[in-house]
Amino acid sequence: MTALTNTQLSHFSAQLSAETLLEMYWYMLLARRTDERAWLLHRQGKIAFHISGMGHEATQVGAAFAIQRGVDYVAPYYRDLALCLAIGITPRDFMLSLFGKAGEITSKARQMPSHWSHKPLHILSTSSPVATQVPQAAGLAFAIKYKRENGLIDPNDASQPRLALTCLGEGSTSQGEWHEGMNWAGVHKLPFICIVQNNNYAISVPIEQQMAVSHVAERASAYGVLGVTVDGTDVLAVYDVMRAAVERAYNGEGATLIEAKCYRLTPHSSDDDDRTYRPREEVEEAKRADPILRFERHLLERGILTEALKQEYEQRVRQSVDEAQRYAENAPYPEESSLYEDVYMTT
Amino acid sequence: MPEMTLIDAIREAMDEELARDPRVFITGEDVGKRGGVFRATMGLYQKYGEKRIVDSPLAELSIVAIGIGAACAGLVPICEIQFADFIHPAFNQIVNEAAKMYYRSGGTWNVPLTIRAPYGGGIGGGLYHSQSVEAFFTHVPGLKVVIPSTPYDAKGLLKSAVRDPNPVLFFEPKKGYRSIKGEVPEGEYTVPLGKARLARQGSDLSVYAYGMMAHYAVQAAEQVAREDGIQCDVVDLRTLLPIDKETILASFKKTGKALIVYEDNLTMGYGAEIAAILSCDGFEYMDAPIMRLGGPDVPAVPFSHPLQEAFMPNPHKIAAAIRQLAAY
Ligand SMILES: Cc1ncc(C[n+]2csc(CCOP(=O)(O)OP(=O)(O)O)c2C)c(N)n1
Ligand SMILES: [Mg+2]
């Protein structure tokens, strides 16, 4: 796929209906405004922590729309707000986790926010130690292959996942976990896709200090996996390479490593101050190349989006985020007794 | 009833579970054609094929992580770590991931995973083929930790481990793989996790042990009964986590004296917890200081034979400790 140019792949996105394109835009916008609200709540002292996905939305929504959302397995990482919203986690779910309130669906408010999980939607629970989800996602993919080869599932059963997608940052690829997961994916030719959301920094440490290769995707060949680098601020370009990777996975042709180059528009988290290590001009330049503005321009040019529709979307997004915040603020905290639940599963 | 070795019982448990449930598979280093370096999986590759008996890359964290992912996807993995000494690269996946998955997902994603690993010294394995690692893991809620000492228990407990919806670490006393023999009934049975076993009855004192040391403790108890007329309860703990306080305390209530034996380094070892339980919940029955016999606090078991023997508790040392405690 490295050899394929974007024009060769663009037939995938060319087939997207106006309706789907607008839905993609909707999720990017929803993620952005939800994210911005979280920062606001943090500044207001209402929540303790936020880790942001701003700048990564095109990568995540492009990826989400290429898989069977809610069916294929996804093992996300903490920046994947847009990915998870597009799969079916709601702003209300997210707000409940920001506030640590009862009814929080991923973990009963045990985990920090952005540690996604949703079993009915086939989103695997993920932890804080980076890259741990990668070999687990290979395990999910292994199970898909195992079930097919051992006749445990009907290959035409549409409710069965057909691939496992996992995400992480470029810095996290320095972990052994990533290597071991990629290696299994290669050795067993698994229906597996790994998206490295390369925003050039791991907190403050630039990519040059993580690896001696200039592209994460170059490493794919070492695992017998196909590697491709894509502009992660271009939602349709991501969709195109993802669709090619998805076809490969569905057809039993093996795993794909996608390096999506993007930029973290915010500090690492609400606990970080990026001014010591990122020049302001660099951040400002990235803001001008904001993936949402880029997609907006594209849709406006094609006449798919109009100023009126944009206003309507903004209004609906705000309503949704307002409602989510109100709900979470009014929700009770978890009962103390819940501390002791779910240590062991009983049959 | 046919008599079999510990390792044959372990193999038979896996064989029966593989036959019973097509979701069960085995992965680990050399588990395929070679049948495992200890032959625990011997013949299973030939019987169930390469799709179910899967030689893994030489990478322990991935053996466990693949197991976690596959378990979350509804399979029932049995992961073999070739030696417990090599489980440390997988510590993160076991402690941060498998153990916490159910809790951190609010009781939605569970991990029905069994991790088998031969452990323990006395086999000329030196520092890195002799370790006892149970105490690292018994500190972690969410895990279950099982150590059998008889073929009967090994088979029944392993079957329970495979069927358990939680991650279970199953440590096998490798010194006893072939030397420990016992009767194993034909056909289906299980031994429940979380229940200790009274391996021998006596009212003078209680010996608490597991794995190879439980086997030795019974031998030592027989010896002191013969030679000194001291009658010991021997409690084979079998499941270290969750811990069977009831059986532990019931024996102590009867004897008032406790010797805890384990081959791991003494300090902060598993026996410390037994001592804490006895001194806290069994204080009114206590008749002597709680005694522990463990390995010395040196980094690991040395290779040289006399040094290894000096490190390892054995029936002789256990008998000496029993006499000392009985005299109190
Ligand atoms: C094993 C581990 N070490 C350190 C951390 C602390 N930490 C959290 S995110 C992060 C940087 C990750 O950077 P990258 O992988 O590039 O992802 P990004 O945050 O840039 O999206 C670090 C060091 C951690 N969570 N896990
Ligand atoms: Mg980064």
# chains A, B, ... in the order shown; residues from 1 in each chain; ligands from 1
$ select_by_dssp --residues "segment 46-210 of chain A" --states "helix (DSSP H, G or I)" --output "ChimeraX atom specification"
/A:57-64,81-87,91-99,119-121,133-149,171-174,176-187,207-209
$ residues_near_ligand --ligand "ligand 1" --cutoff "6 Å" --atoms "only C-alpha atoms and all ligand atoms" --output "list in words"
Ser128, Pro129, Val130, Leu168, Gly169, Glu170, Gly171, Ser172, Asn199, Tyr201, Ala202 and Ile203 of chain A
$ atom_distance --atom1 "atom CA of Leu266 of chain B" --atom2 "atom CA of Ala99 of chain B"
25.3 Å
$ interface_residues --of "chain A" --to "chain B" --cutoff "7 Å" --atoms "only C-alpha atoms" --output "list in words"
Thr106, Ser107, Lys108, Arg110, Gln111, Ser117, Lys119, Ser125, Pro135, Gln136, Ala137, Ala138, Gly139, Leu140, Phe142, Ala143, Glu180, Gly181, Asp342, Val343, Tyr344 and Met345 of chain A
$ residues_around --residues "Gly124 of chain B" --least-positions-apart "3" --cutoff "8 Å" --atoms "only C-alpha atoms" --output "list of chain:residue names"
B:Gly121, B:Ser130, B:Phe303, B:Ser304, B:His305, B:Gln308
$ write_last_selection --atoms "N, CA, C and O atoms" --output "short mmCIF file (atom, residue, chain, number, x, y, z; two decimals), in the first residue's frame"
data_model
loop_
_atom_site.label_atom_id
_atom_site.label_comp_id
_atom_site.auth_asym_id
_atom_site.auth_seq_id
_atom_site.Cartn_x
_atom_site.Cartn_y
_atom_site.Cartn_z
N GLY B 121 12.51 -24.37 43.16
CA GLY B 121 13.91 -24.78 43.07
C GLY B 121 14.15 -26.24 43.37
O GLY B 121 13.23 -27.05 43.43
N SER B 130 14.54 -21.36 38.94
CA SER B 130 14.21 -21.88 40.27
C SER B 130 13.26 -20.99 41.06
O SER B 130 12.89 -21.33 42.17
N PHE B 303 23.23 -22.09 41.75
CA PHE B 303 23.34 -23.30 40.93
C PHE B 303 24.08 -24.43 41.65
O PHE B 303 23.65 -25.58 41.65
N SER B 304 25.21 -24.11 42.25
CA SER B 304 26.06 -25.12 42.89
C SER B 304 25.24 -25.95 43.86
O SER B 304 24.52 -25.41 44.70
N HIS B 305 25.38 -27.27 43.77
CA HIS B 305 24.48 -28.16 44.49
C HIS B 305 24.39 -27.91 46.00
O HIS B 305 23.28 -27.75 46.52
N GLN B 308 22.51 -24.75 46.63
CA GLN B 308 21.08 -24.95 46.36
C GLN B 308 20.40 -25.66 47.54
O GLN B 308 19.34 -25.25 48.01
#
$ residues_around --residues "Leu22 of chain A" --least-positions-apart "2" --cutoff "12 Å" --atoms "only C-alpha atoms" --output "MDAnalysis selection string"
chainID A and resid 16:20 24:30 61 65 235 295:296 298:300 302:306 309:310 313
$ write_last_selection --atoms "C-alpha atoms" --output "short mmCIF file (atom, residue, chain, number, x, y, z; two decimals), in the first residue's frame"
data_model
loop_
_atom_site.label_atom_id
_atom_site.label_comp_id
_atom_site.auth_asym_id
_atom_site.auth_seq_id
_atom_site.Cartn_x
_atom_site.Cartn_y
_atom_site.Cartn_z
CA LEU A 16 -19.21 8.43 0.14
CA SER A 17 -22.67 9.97 -0.02
CA ALA A 18 -23.28 13.57 0.98
CA GLU A 19 -25.19 12.24 3.93
CA THR A 20 -22.25 10.18 5.16
CA MET A 24 -18.44 12.48 9.48
CA TYR A 25 -18.39 16.23 9.80
CA TRP A 26 -20.96 15.99 12.60
CA TYR A 27 -18.80 13.67 14.67
CA MET A 28 -15.70 15.78 14.16
CA LEU A 29 -17.60 18.81 15.34
CA LEU A 30 -19.21 16.97 18.22
CA VAL A 61 -13.41 9.86 12.29
CA PHE A 65 -16.19 5.28 9.20
CA VAL A 235 -10.32 12.87 7.02
CA PHE A 295 -12.98 19.42 6.05
CA GLU A 296 -15.45 22.24 6.44
CA HIS A 298 -13.94 20.97 1.44
CA LEU A 299 -17.62 20.36 2.13
CA LEU A 300 -18.52 24.00 1.54
CA ARG A 302 -18.54 20.89 -2.88
CA GLY A 303 -21.80 22.46 -1.84
CA ILE A 304 -22.50 19.65 0.60
CA LEU A 305 -22.28 21.92 3.59
CA THR A 306 -23.87 25.36 3.64
CA LEU A 309 -26.42 23.93 7.83
CA LYS A 310 -23.20 24.68 9.65
CA TYR A 313 -25.00 21.71 13.37
#
$ closest_residue --among "A:Glu218, A:Glu149, A:Glu208, A:Asp157" --to "ligand 2" --atoms "only C-alpha atoms and all ligand atoms"
A:Glu208
$ select_by_dssp --residues "segment 11-170 of chain B" --states "strand (DSSP E)" --output "MDAnalysis selection string"
chainID B and resid 24:28 53:55 76:80 114:119 144:146 168:170
$ residues_around --residues "Glu253 of chain A" --least-positions-apart "2" --cutoff "9 Å" --atoms "only C-alpha atoms" --output "ChimeraX atom specification"
/A:189-191,247-251,255
$ closest_residue --among "B:Met4, B:Ala272, B:Leu259, B:Ala326" --to "Pro185 of chain B" --atoms "only C-alpha atoms"
B:Met4
$ closest_residue --among "A:Asn150, A:Arg92, A:Arg79, A:Thr173" --to "Glu104 of chain A" --atoms "only C-alpha atoms"
A:Arg92
$ closest_residue --among "A:Val205, A:Ile258, A:Ala82, A:Ala75" --to "ligand 2" --atoms "only C-alpha atoms and all ligand atoms"
A:Val205
$ atom_distance --atom1 "atom CA of Asn265 of chain B" --atom2 "atom CA of Asp236 of chain B"
19.0 Å
$ residues_around --residues "segment 6-10 of chain B" --least-positions-apart "3" --cutoff "8 Å" --atoms "only C-alpha atoms" --output "list in words"
Ala13, Met14, Arg39, Ala40, Ser149, Thr150, Pro151, Tyr152, Ala154, Lys155, Leu158, Gly176, Tyr177, Arg178, Ser179, Ile180, Lys181, Gly182 and Val184 of chain B
$ write_last_selection --atoms "all heavy atoms" --output "tab-separated table (two decimals), in the first residue's frame"
chain	number	residue	atom	x	y	z
B	13	ALA	N	-5.65	-32.90	32.34
B	13	ALA	CA	-6.63	-31.82	32.54
B	13	ALA	C	-6.76	-30.98	31.27
B	13	ALA	O	-7.87	-30.69	30.81
B	13	ALA	CB	-6.20	-30.94	33.71
B	14	MET	N	-5.63	-30.64	30.68
B	14	MET	CA	-5.67	-29.81	29.47
B	14	MET	C	-6.30	-30.58	28.32
B	14	MET	O	-7.11	-30.03	27.56
B	14	MET	CB	-4.26	-29.35	29.10
B	14	MET	CG	-3.72	-28.30	30.06
B	14	MET	SD	-2.22	-27.51	29.47
B	14	MET	CE	-0.99	-28.72	29.91
B	39	ARG	N	7.31	-31.22	28.72
B	39	ARG	CA	6.38	-32.21	28.15
B	39	ARG	C	4.97	-32.10	28.72
B	39	ARG	O	4.23	-33.08	28.71
B	39	ARG	CB	6.89	-33.65	28.37
B	39	ARG	CG	8.30	-33.89	27.89
B	39	ARG	CD	8.31	-34.12	26.41
B	39	ARG	NE	9.60	-34.64	25.98
B	39	ARG	CZ	10.26	-34.14	24.93
B	39	ARG	NH1	9.75	-33.15	24.24
B	39	ARG	NH2	11.41	-34.67	24.56
B	40	ALA	N	4.64	-30.93	29.24
B	40	ALA	CA	3.29	-30.78	29.80
B	40	ALA	C	2.23	-30.86	28.71
B	40	ALA	O	1.11	-31.29	28.95
B	40	ALA	CB	3.17	-29.46	30.55
B	149	SER	N	-0.31	-29.58	44.84
B	149	SER	CA	0.82	-30.40	45.30
B	149	SER	C	0.58	-31.89	45.05
B	149	SER	O	1.47	-32.69	45.33
B	149	SER	CB	1.08	-30.17	46.79
B	149	SER	OG	0.18	-30.92	47.58
B	150	THR	N	-0.60	-32.25	44.56
B	150	THR	CA	-0.85	-33.67	44.26
B	150	THR	C	-1.42	-33.77	42.85
B	150	THR	O	-2.04	-32.82	42.35
B	150	THR	CB	-1.89	-34.29	45.23
B	150	THR	OG1	-3.18	-33.69	44.96
B	150	THR	CG2	-1.52	-34.06	46.68
B	151	PRO	N	-1.25	-34.92	42.22
B	151	PRO	CA	-1.83	-35.10	40.88
B	151	PRO	C	-3.35	-34.93	40.88
B	151	PRO	O	-3.90	-34.31	39.98
B	151	PRO	CB	-1.42	-36.53	40.52
B	151	PRO	CG	-0.16	-36.76	41.29
B	151	PRO	CD	-0.36	-36.03	42.59
B	152	TYR	N	-4.01	-35.44	41.91
B	152	TYR	CA	-5.47	-35.32	41.98
B	152	TYR	C	-5.87	-33.85	41.96
B	152	TYR	O	-6.72	-33.42	41.17
B	152	TYR	CB	-6.00	-36.00	43.25
B	152	TYR	CG	-7.50	-35.88	43.40
B	152	TYR	CD1	-8.35	-36.85	42.88
B	152	TYR	CD2	-8.07	-34.78	44.04
B	152	TYR	CE1	-9.73	-36.73	42.99
B	152	TYR	CE2	-9.44	-34.64	44.15
B	152	TYR	CZ	-10.27	-35.62	43.64
B	152	TYR	OH	-11.63	-35.49	43.74
B	154	ALA	N	-3.99	-31.28	41.11
B	154	ALA	CA	-3.49	-30.59	39.92
B	154	ALA	C	-4.51	-30.70	38.79
B	154	ALA	O	-4.85	-29.70	38.14
B	154	ALA	CB	-2.15	-31.18	39.48
B	155	LYS	N	-5.03	-31.88	38.59
B	155	LYS	CA	-5.99	-32.07	37.50
B	155	LYS	C	-7.30	-31.32	37.79
B	155	LYS	O	-7.80	-30.56	36.96
B	155	LYS	CB	-6.27	-33.56	37.27
B	155	LYS	CG	-7.22	-33.78	36.11
B	155	LYS	CD	-7.42	-35.24	35.78
B	155	LYS	CE	-8.58	-35.38	34.80
B	155	LYS	NZ	-8.92	-36.77	34.51
B	158	LEU	N	-6.76	-27.46	37.83
B	158	LEU	CA	-6.50	-26.87	36.51
B	158	LEU	C	-7.79	-26.80	35.69
B	158	LEU	O	-8.05	-25.82	35.00
B	158	LEU	CB	-5.41	-27.67	35.77
B	158	LEU	CG	-4.96	-27.11	34.41
B	158	LEU	CD1	-4.62	-25.62	34.49
B	158	LEU	CD2	-3.77	-27.89	33.87
B	176	GLY	N	8.43	-31.53	41.45
B	176	GLY	CA	7.55	-32.67	41.68
B	176	GLY	C	6.86	-33.20	40.44
B	176	GLY	O	6.07	-34.14	40.51
B	177	TYR	N	7.16	-32.62	39.27
B	177	TYR	CA	6.48	-33.02	38.04
B	177	TYR	C	6.42	-34.54	37.87
B	177	TYR	O	5.42	-35.11	37.49
B	177	TYR	CB	7.19	-32.43	36.82
B	177	TYR	CG	6.61	-31.12	36.33
B	177	TYR	CD1	7.39	-30.26	35.55
B	177	TYR	CD2	5.30	-30.74	36.60
B	177	TYR	CE1	6.88	-29.06	35.07
B	177	TYR	CE2	4.79	-29.54	36.12
B	177	TYR	CZ	5.58	-28.70	35.36
B	177	TYR	OH	5.07	-27.53	34.89
B	178	ARG	N	7.59	-35.18	38.10
B	178	ARG	CA	7.66	-36.63	37.90
B	178	ARG	C	7.80	-37.41	39.20
B	178	ARG	O	7.45	-38.58	39.25
B	178	ARG	CB	8.79	-36.96	36.93
B	178	ARG	CG	8.40	-36.54	35.53
B	178	ARG	CD	9.41	-36.78	34.45
B	178	ARG	NE	8.79	-36.40	33.18
B	178	ARG	CZ	8.60	-35.15	32.77
B	178	ARG	NH1	9.01	-34.14	33.52
B	178	ARG	NH2	7.98	-34.90	31.63
B	179	SER	N	8.29	-36.70	40.24
B	179	SER	CA	8.52	-37.43	41.50
B	179	SER	C	7.24	-37.53	42.34
B	179	SER	O	7.10	-38.44	43.14
B	179	SER	CB	9.63	-36.76	42.30
B	179	SER	OG	9.25	-35.44	42.66
B	180	ILE	N	6.32	-36.61	42.15
B	180	ILE	CA	5.07	-36.70	42.92
B	180	ILE	C	4.08	-37.55	42.13
B	180	ILE	O	3.74	-37.24	40.98
B	180	ILE	CB	4.46	-35.31	43.20
B	180	ILE	CG1	5.42	-34.45	44.03
B	180	ILE	CG2	3.12	-35.45	43.92
B	180	ILE	CD1	4.91	-33.04	44.31
B	181	LYS	N	3.65	-38.63	42.74
B	181	LYS	CA	2.69	-39.51	42.09
B	181	LYS	C	1.47	-39.65	43.00
B	181	LYS	O	1.56	-39.50	44.21
B	181	LYS	CB	3.29	-40.89	41.85
B	181	LYS	CG	4.50	-40.89	40.93
B	181	LYS	CD	4.89	-42.32	40.57
B	181	LYS	CE	6.12	-42.36	39.67
B	181	LYS	NZ	7.37	-42.05	40.41
B	182	GLY	N	0.36	-39.96	42.39
B	182	GLY	CA	-0.83	-40.13	43.21
B	182	GLY	C	-1.98	-40.65	42.38
B	182	GLY	O	-1.91	-40.69	41.15
B	184	VAL	N	-5.45	-40.75	40.57
B	184	VAL	CA	-6.33	-39.82	39.87
B	184	VAL	C	-7.47	-40.63	39.26
B	184	VAL	O	-7.22	-41.53	38.45
B	184	VAL	CB	-5.56	-39.07	38.76
B	184	VAL	CG1	-6.51	-38.18	37.97
B	184	VAL	CG2	-4.44	-38.23	39.36
$ residues_around --residues "Glu282 of chain A" --least-positions-apart "4" --cutoff "12 Å" --atoms "only C-alpha atoms" --output "mmCIF file with N, CA, C and O atoms, in the first residue's frame"
data_model
loop_
_atom_site.group_PDB
_atom_site.id
_atom_site.type_symbol
_atom_site.label_atom_id
_atom_site.label_comp_id
_atom_site.auth_asym_id
_atom_site.auth_seq_id
_atom_site.Cartn_x
_atom_site.Cartn_y
_atom_site.Cartn_z
ATOM 1 N N ASN A 200 4.002 14.030 16.698
ATOM 2 C CA ASN A 200 5.376 14.519 16.818
ATOM 3 C C ASN A 200 5.893 14.682 18.243
ATOM 4 O O ASN A 200 7.065 14.958 18.440
ATOM 5 N N TYR A 263 -1.462 16.813 14.597
ATOM 6 C CA TYR A 263 -0.842 17.704 15.566
ATOM 7 C C TYR A 263 -1.768 17.864 16.761
ATOM 8 O O TYR A 263 -2.979 18.003 16.610
ATOM 9 N N ARG A 264 -1.165 17.806 17.935
ATOM 10 C CA ARG A 264 -1.917 17.985 19.178
ATOM 11 C C ARG A 264 -2.110 19.484 19.381
ATOM 12 O O ARG A 264 -1.141 20.206 19.600
ATOM 13 N N LEU A 265 -3.325 19.963 19.272
ATOM 14 C CA LEU A 265 -3.561 21.406 19.319
ATOM 15 C C LEU A 265 -3.525 21.963 20.741
ATOM 16 O O LEU A 265 -3.561 23.176 20.930
ATOM 17 N N THR A 266 -3.455 21.099 21.715
ATOM 18 C CA THR A 266 -3.494 21.522 23.122
ATOM 19 C C THR A 266 -2.246 20.993 23.839
ATOM 20 O O THR A 266 -1.519 20.174 23.276
ATOM 21 N N ASP A 274 2.651 23.327 27.686
ATOM 22 C CA ASP A 274 3.537 22.984 26.560
ATOM 23 C C ASP A 274 4.426 24.144 26.127
ATOM 24 O O ASP A 274 5.195 24.006 25.175
ATOM 25 N N ARG A 275 4.339 25.276 26.821
ATOM 26 C CA ARG A 275 5.102 26.439 26.356
ATOM 27 C C ARG A 275 6.603 26.267 26.508
ATOM 28 O O ARG A 275 7.378 26.904 25.817
ATOM 29 N N TYR A 277 8.272 23.621 25.728
ATOM 30 C CA TYR A 277 8.890 22.744 24.731
ATOM 31 C C TYR A 277 8.329 22.873 23.309
ATOM 32 O O TYR A 277 8.848 22.244 22.403
ATOM 33 N N ARG A 278 7.261 23.665 23.141
ATOM 34 C CA ARG A 278 6.762 23.846 21.773
ATOM 35 C C ARG A 278 6.709 25.330 21.440
ATOM 36 O O ARG A 278 6.034 26.106 22.127
ATOM 37 N N ALA A 286 -0.211 25.071 13.212
ATOM 38 C CA ALA A 286 -1.049 23.871 13.221
ATOM 39 C C ALA A 286 -2.521 24.244 13.354
ATOM 40 O O ALA A 286 -3.394 23.605 12.758
ATOM 41 N N LYS A 287 -2.786 25.289 14.105
ATOM 42 C CA LYS A 287 -4.189 25.708 14.264
ATOM 43 C C LYS A 287 -4.771 26.202 12.942
ATOM 44 O O LYS A 287 -5.954 26.009 12.661
ATOM 45 N N ARG A 288 -3.909 26.800 12.134
ATOM 46 C CA ARG A 288 -4.395 27.248 10.827
ATOM 47 C C ARG A 288 -4.701 26.046 9.927
ATOM 48 O O ARG A 288 -5.526 26.134 9.032
ATOM 49 N N ALA A 289 -4.025 24.943 10.192
ATOM 50 C CA ALA A 289 -4.272 23.721 9.395
ATOM 51 C C ALA A 289 -5.234 22.781 10.131
ATOM 52 O O ALA A 289 -5.206 21.571 9.937
#
$ atom_distance --atom1 "atom CA of Asp85 of chain B" --atom2 "atom CA of Tyr128 of chain B"
5.5 Å
